[in-house]
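As stored in entry-v5.pdb (PDB, C-alpha atoms):
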ATOM      1  CA  ILE A 149       4.757  13.980 -12.909
ATOM      2  CA  PHE A 150       3.753  17.213 -11.139
ATOM      3  CA  TRP A 151       0.392  17.464 -12.894
ATOM      4  CA  GLN A 152      -0.239  13.759 -12.275
ATOM      5  CA  GLU A 153       0.303  14.303  -8.571
ATOM      6  CA  LYS A 154      -2.209  17.169  -8.634
ATOM      7  CA  ALA A 155      -4.647  14.975 -10.541
ATOM      8  CA  LEU A 156      -4.293  12.278  -7.873
ATOM      9  CA  VAL A 157      -5.054  14.845  -5.157
ATOM     10  CA  SER A 158      -8.165  15.857  -7.100
ATOM     11  CA  LEU A 159      -9.235  12.226  -7.408
ATOM     12  CA  GLU A 160      -8.857  11.836  -3.660
ATOM     13  CA  ALA A 161     -11.061  14.888  -3.055
ATOM     14  CA  TRP A 162     -13.695  13.618  -5.483
ATOM     15  CA  LEU A 163     -13.617  10.180  -3.907
ATOM     16  CA  SER A 164     -14.287  11.618  -0.469
ATOM     17  CA  ASN A 165     -17.060  13.954  -1.637
ATOM     18  CA  SER A 166     -18.895  12.110  -4.385
ATOM     19  CA  ASP A 167     -21.280   9.282  -4.999
ATOM     20  CA  SER A 168     -20.611   5.734  -6.108
ATOM     21  CA  LYS A 169     -20.593   6.681  -9.824
ATOM     22  CA  PHE A 170     -17.197   8.296  -9.387
ATOM     23  CA  GLU A 171     -15.893   5.315  -7.433
ATOM     24  CA  ASP A 172     -17.178   2.996 -10.177
ATOM     25  CA  ALA A 173     -15.278   5.005 -12.790
ATOM     26  CA  LEU A 174     -12.151   4.881 -10.652
ATOM     27  CA  LEU A 175     -12.419   1.091 -10.433
ATOM     28  CA  LYS A 176     -12.351   0.540 -14.193
ATOM     29  CA  PRO A 177      -9.259  -1.370 -15.368
ATOM     30  CA  LYS A 178      -7.945   1.626 -17.342
ATOM     31  CA  SER A 179      -8.166   3.852 -14.250
ATOM     32  CA  ILE A 180      -6.428   1.288 -12.037
ATOM     33  CA  GLN A 181      -3.745   0.923 -14.704
ATOM     34  CA  GLN A 182      -3.136   4.687 -14.663
ATOM     35  CA  ILE A 183      -2.871   4.729 -10.858
ATOM     36  CA  VAL A 184      -0.334   1.890 -11.051
ATOM     37  CA  LYS A 185       1.704   3.737 -13.706
ATOM     38  CA  LEU A 186       1.729   6.897 -11.607
ATOM     39  CA  PHE A 187       2.850   4.957  -8.534
ATOM     40  CA  GLN A 188       5.631   3.266 -10.497
ATOM     41  CA  ALA A 189       6.896   6.481 -12.084
ATOM     42  CA  ALA A 190       6.836   8.748  -9.028
ATOM     43  CA  GLN A 191      10.212   9.632  -7.519
ATOM     44  CA  ASN A 192      11.482  11.500  -4.449
ATOM     45  CA  ALA A 193       9.097  14.153  -3.108
ATOM     46  CA  HIS A 194       6.472  13.294  -5.726
ATOM     47  CA  PHE A 195       6.547   9.680  -4.581
ATOM     48  CA  GLU A 196       6.209  10.717  -0.932
ATOM     49  CA  ASN A 197       3.151  12.825  -1.768
ATOM     50  CA  CYS A 198       1.633  10.102  -3.942
ATOM     51  CA  VAL A 199       1.949   7.579  -1.118
ATOM     52  CA  LYS A 200       0.074   9.874   1.275
ATOM     53  CA  VAL A 201      -2.714  10.493  -1.202
ATOM     54  CA  LEU A 202      -3.009   6.854  -2.292
ATOM     55  CA  TYR A 203      -3.130   5.693   1.310
ATOM     56  CA  SER A 204      -5.942   8.155   1.975
ATOM     57  CA  MET A 205      -7.810   6.910  -1.095
ATOM     58  CA  LEU A 206      -7.432   3.283  -0.034
ATOM     59  CA  THR A 207      -8.826   4.036   3.415
ATOM     60  CA  ARG A 208     -11.829   5.772   1.839
ATOM     61  CA  SER A 209     -12.665   2.985  -0.602
ATOM     62  CA  SER A 210     -12.513  -0.696   0.245
ATOM     63  CA  LYS A 211     -13.390  -1.445  -3.390
ATOM     64  CA  LEU A 212     -10.337   0.503  -4.543
ATOM     65  CA  SER A 213      -8.164  -1.375  -2.028
ATOM     66  CA  GLU A 214      -9.440  -4.661  -3.403
ATOM     67  CA  ALA A 215      -8.921  -3.592  -7.039
ATOM     68  CA  ILE A 216      -5.382  -2.345  -6.346
ATOM     69  CA  GLY A 217      -4.682  -5.605  -4.500
ATOM     70  CA  ARG A 218      -5.457  -7.548  -7.671
ATOM     71  CA  SER A 219      -2.748  -5.605  -9.490
ATOM     72  CA  GLY A 220       0.414  -7.624  -9.145
ATOM     73  CA  LEU A 221       2.362  -4.700 -10.604
ATOM     74  CA  PHE A 222       1.160  -2.331  -7.910
ATOM     75  CA  VAL A 223       1.847  -4.716  -5.040
ATOM     76  CA  SER A 224       5.274  -5.632  -6.441
ATOM     77  CA  GLU A 225       6.173  -1.948  -6.720
ATOM     78  CA  LEU A 226       4.915  -1.310  -3.197
ATOM     79  CA  VAL A 227       7.063  -4.167  -1.862
ATOM     80  CA  GLN A 228      10.134  -2.832  -3.696
ATOM     81  CA  ARG A 229       9.511   0.641  -2.293
ATOM     82  CA  LEU A 230       9.464  -0.605   1.314
ATOM     83  CA  SER A 231      13.197   0.118   1.378
ATOM     84  CA  TYR A 232      12.525   3.833   0.797
ATOM     85  CA  PRO A 233      14.692   5.793   3.276
ATOM     86  CA  ASN A 234      11.942   8.045   4.689
ATOM     87  CA  SER A 235      10.275   6.449   7.738
ATOM     88  CA  GLU A 236       6.951   8.227   7.213
ATOM     89  CA  VAL A 237       6.765   6.802   3.695
ATOM     90  CA  ARG A 238       7.596   3.306   4.959
ATOM     91  CA  ILE A 239       4.872   3.616   7.581
ATOM     92  CA  ASN A 240       2.322   4.627   4.950
ATOM     93  CA  LEU A 241       3.449   1.841   2.613
ATOM     94  CA  LEU A 242       2.992  -0.696   5.409
ATOM     95  CA  LYS A 243      -0.439   0.752   6.161
ATOM     96  CA  MET A 244      -1.293   0.491   2.469
ATOM     97  CA  LEU A 245      -0.282  -3.172   2.558
ATOM     98  CA  ARG A 246      -2.606  -3.648   5.528
ATOM     99  CA  GLU A 247      -5.521  -1.914   3.757
ATOM    100  CA  ILE A 248      -5.022  -3.907   0.587
ATOM    101  CA  GLY A 249      -4.489  -7.163   2.461
ATOM    102  CA  ASN A 250      -7.684  -6.678   4.435
ATOM    103  CA  MET A 251      -9.683  -6.454   1.222
ATOM    104  CA  VAL A 252      -8.235  -9.258  -0.882
ATOM    105  CA  PRO A 253     -10.405 -12.378  -0.856
ATOM    106  CA  ASP A 254      -7.524 -14.804  -0.223
ATOM    107  CA  LYS A 255      -5.084 -13.289   2.270
ATOM    108  CA  GLU A 256      -2.903 -16.389   2.410
ATOM    109  CA  HIS A 257      -2.400 -16.327  -1.369
ATOM    110  CA  PHE A 258      -1.728 -12.574  -1.249
ATOM    111  CA  VAL A 259       0.976 -12.936   1.422
ATOM    112  CA  LEU A 260       2.606 -15.927  -0.253
ATOM    113  CA  GLN A 261       2.408 -14.595  -3.825
ATOM    114  CA  HIS A 262       4.338 -11.454  -2.941
ATOM    115  CA  ASN A 263       6.645 -13.034  -0.316
ATOM    116  CA  LEU A 264       5.313 -10.453   2.118
ATOM    117  CA  PHE A 265       6.102 -12.296   5.322
ATOM    118  CA  ALA A 266       9.829 -12.541   4.581
ATOM    119  CA  VAL A 267      10.072  -8.995   3.218
ATOM    120  CA  VAL A 268       8.247  -7.395   6.138
ATOM    121  CA  LYS A 269      10.111  -9.547   8.685
ATOM    122  CA  ASP A 270      13.412  -8.290   7.235
ATOM    123  CA  LEU A 271      12.096  -4.710   7.276
ATOM    124  CA  ALA A 272      11.009  -5.082  10.917
ATOM    125  CA  GLN A 273      14.453  -6.329  11.927
ATOM    126  CA  LYS A 274      16.250  -3.516  10.100
ATOM    127  CA  ALA A 275      13.838  -0.935  11.529
ATOM    128  CA  GLN A 276      14.469  -2.216  15.033
ATOM    129  CA  GLU A 277      18.240  -2.108  14.526
ATOM    130  CA  THR A 278      18.052   1.504  13.304
ATOM    131  CA  HIS A 279      15.579   2.569  16.011
ATOM    132  CA  ARG A 280      12.714   3.294  13.643
ATOM    133  CA  VAL A 281      10.137   2.408  16.258
ATOM    134  CA  LEU A 282       6.884   3.080  14.366
ATOM    135  CA  VAL A 283       8.066   1.221  11.272
ATOM    136  CA  SER A 284       9.046  -1.725  13.444
ATOM    137  CA  GLU A 285       5.737  -1.707  15.364
ATOM    138  CA  ILE A 286       3.551  -1.643  12.252
ATOM    139  CA  ALA A 287       5.670  -4.315  10.585
ATOM    140  CA  GLN A 288       5.378  -6.496  13.714
ATOM    141  CA  GLU A 289       1.586  -6.022  13.727
ATOM    142  CA  LEU A 290       1.408  -7.168  10.114
ATOM    143  CA  LEU A 291       3.617 -10.171  10.842
ATOM    144  CA  LYS A 292       1.419 -11.164  13.778
ATOM    145  CA  GLU A 293      -1.680 -10.964  11.577
ATOM    146  CA  TRP A 294      -0.018 -12.912   8.762
ATOM    147  CA  LYS A 295       1.165 -15.627  11.150
ATOM    148  CA  LYS A 296      -2.509 -16.336  11.829
ATOM    149  CA  VAL A 297      -3.330 -16.306   8.127
ATOM    150  CA  LEU A 298      -0.455 -18.638   7.336
ATOM    151  CA  SER A 299      -1.130 -20.836  10.386
ATOM    152  CA  LEU A 300       2.378 -20.199  11.713
ATOM    153  CA  GLU A 301       1.228 -19.323  15.204
ATOM    154  CA  GLN A 302       1.736 -21.847  17.983
ATOM    155  CA  ARG A 303      -1.578 -23.193  19.148
TER     156      ARG A 303
END
Represent the supplied structure as structure tokens.
Amino acid sequence: IFWQEKALVSLEAWLSNSDSKFEDALLKPKSIQQIVKLFQAAQNAHFENCVKVLYSMLTRSSKLSEAIGRSGLFVSELVQRLSYPNSEVRINLLKMLREIGNMVPDKEHFVLQHNLFAVVKDLAQKAQETHRVLVSEIAQELLKEWKKVLSLEQR
């Protein structure tokens, strides 16, 4: 996985310094599939590095965020990884969820399809109990946003 991690770093650099032709190539189904496979296979320190790089890529390309958001496998893996013990990784995973969620055409469907409200609510509670303040704050921000999307907010 080491060389795949280096390849991902290179893709991030190209994405930030190139024209739309590179982004178009990155958005092809085969490319998205490879990103998903890398994300699923990464473990420990490699996973932590991949999360940082992928988050950076998602913030640089709204089209990539939207394409990744259409991948049920990617989002399911991201949701499963929210229990990762490292707080910095959890923060970046939550930020990735925000980036992806902001780009999907139907936010309500996205939240419901992946049971995000319940998962992130549970994460927020656990983070608060263990004094992981930033994780809790970001999770609470997402929940507040999703309450609006799901019409759960008191009017």
Can you translate the PyMOL selection byres ((chain A and resi 153-169) around 10) into the concrete residues it hits in this file, as JSON, numbers by chain?
{"A": [149, 150, 151, 152, 170, 171, 172, 173, 174, 175, 183, 186, 187, 190, 194, 195, 197, 198, 200, 201, 202, 203, 204, 205, 206, 208, 209]}
Would you give me, as CSV, each residue of range 266-295 of chain A having an atom within 8 Å of an atom of range 228-243 of chain A, along with its shortest atom pair and that distance in Å to one decimal, using only C-alpha atoms and sorting by chain and residue number?
residue,atom,partner,partner_atom,distance
A:Leu271,CA,A:Ser231,CA,7.7
A:Arg280,CA,A:Ser235,CA,7.1
A:Leu282,CA,A:Ile239,CA,7.1
A:Val283,CA,A:Ile239,CA,5.4
A:Ile286,CA,A:Leu242,CA,6.9
A:Ala287,CA,A:Leu242,CA,6.9
Got a sec: who's within 9 Å of Gln188 in chain A, counting all atoms listed in the file, leaving out chain neighbours fewer than 4 positions off, as an MDAnalysis selection string?
chainID A and resid 183:184 195 221:222 225:226
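If you measure from each of A:Gln182, A:Gln191, A:Ser213, A:Thr207 to Met251 in chain A using all atoms listed in the file, the closest one turns out to be A:Ser213.
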If the PyMOL selection byres ((chain A and resi 215) around 9) were run on this exact file, what residues would it hold? Put them as a ChimeraX atom specification.
/A:175-177,180,210-214,216-219,248,251-252
Residues near Val227 in chain A, anyone? I mean within 8 Å using all atoms listed in the file, not counting same-chain ones fewer than 3 positions away, as a tab-separated table (two decimals) with C-alpha atoms, in the coordinates of the input.
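Written file, out.tsv:
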chain	number	residue	atom	x	y	z
A	223	VAL	CA	1.85	-4.72	-5.04
A	224	SER	CA	5.27	-5.63	-6.44
A	230	LEU	CA	9.46	-0.60	1.31
A	262	HIS	CA	4.34	-11.45	-2.94
A	264	LEU	CA	5.31	-10.45	2.12
A	267	VAL	CA	10.07	-8.99	3.22
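Take CA of Asp254 in chain A and CA of Gln273 in chain A: the distance between them is 26.5 Å.
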When you draw a straight line from CA of Val297 in chain A to CA of Lys255 in chain A, how long is it in Å?
6.8 Å
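Taking CA of Phe265 in chain A and CA of Ala193 in chain A as the two end points, the separation is 27.9 Å.
Counting all atoms listed in the file, the residue from A:Thr278, A:Leu298, A:Leu290, A:Ala189 that sits nearest to Leu260 in chain A is A:Leu298.
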Using the chain letters and residue numbers of this document, give as a ChimeraX atom specification the residues selected by the PyMOL selection byres ((chain A and resi 294) around 12).
/A:245-246,249-250,254-260,263-266,268-269,287-293,295-301
Please determine an axis-aligned box that encloses all atoms of range 250-257 of chain A listed in the file, with 3 Å added on each side, and express its centre and edge lengths in Å to one decimal as JSON.
{"center_x": -6.4, "center_y": -11.4, "center_z": 1.5, "size_x": 14.0, "size_y": 15.9, "size_z": 11.8}
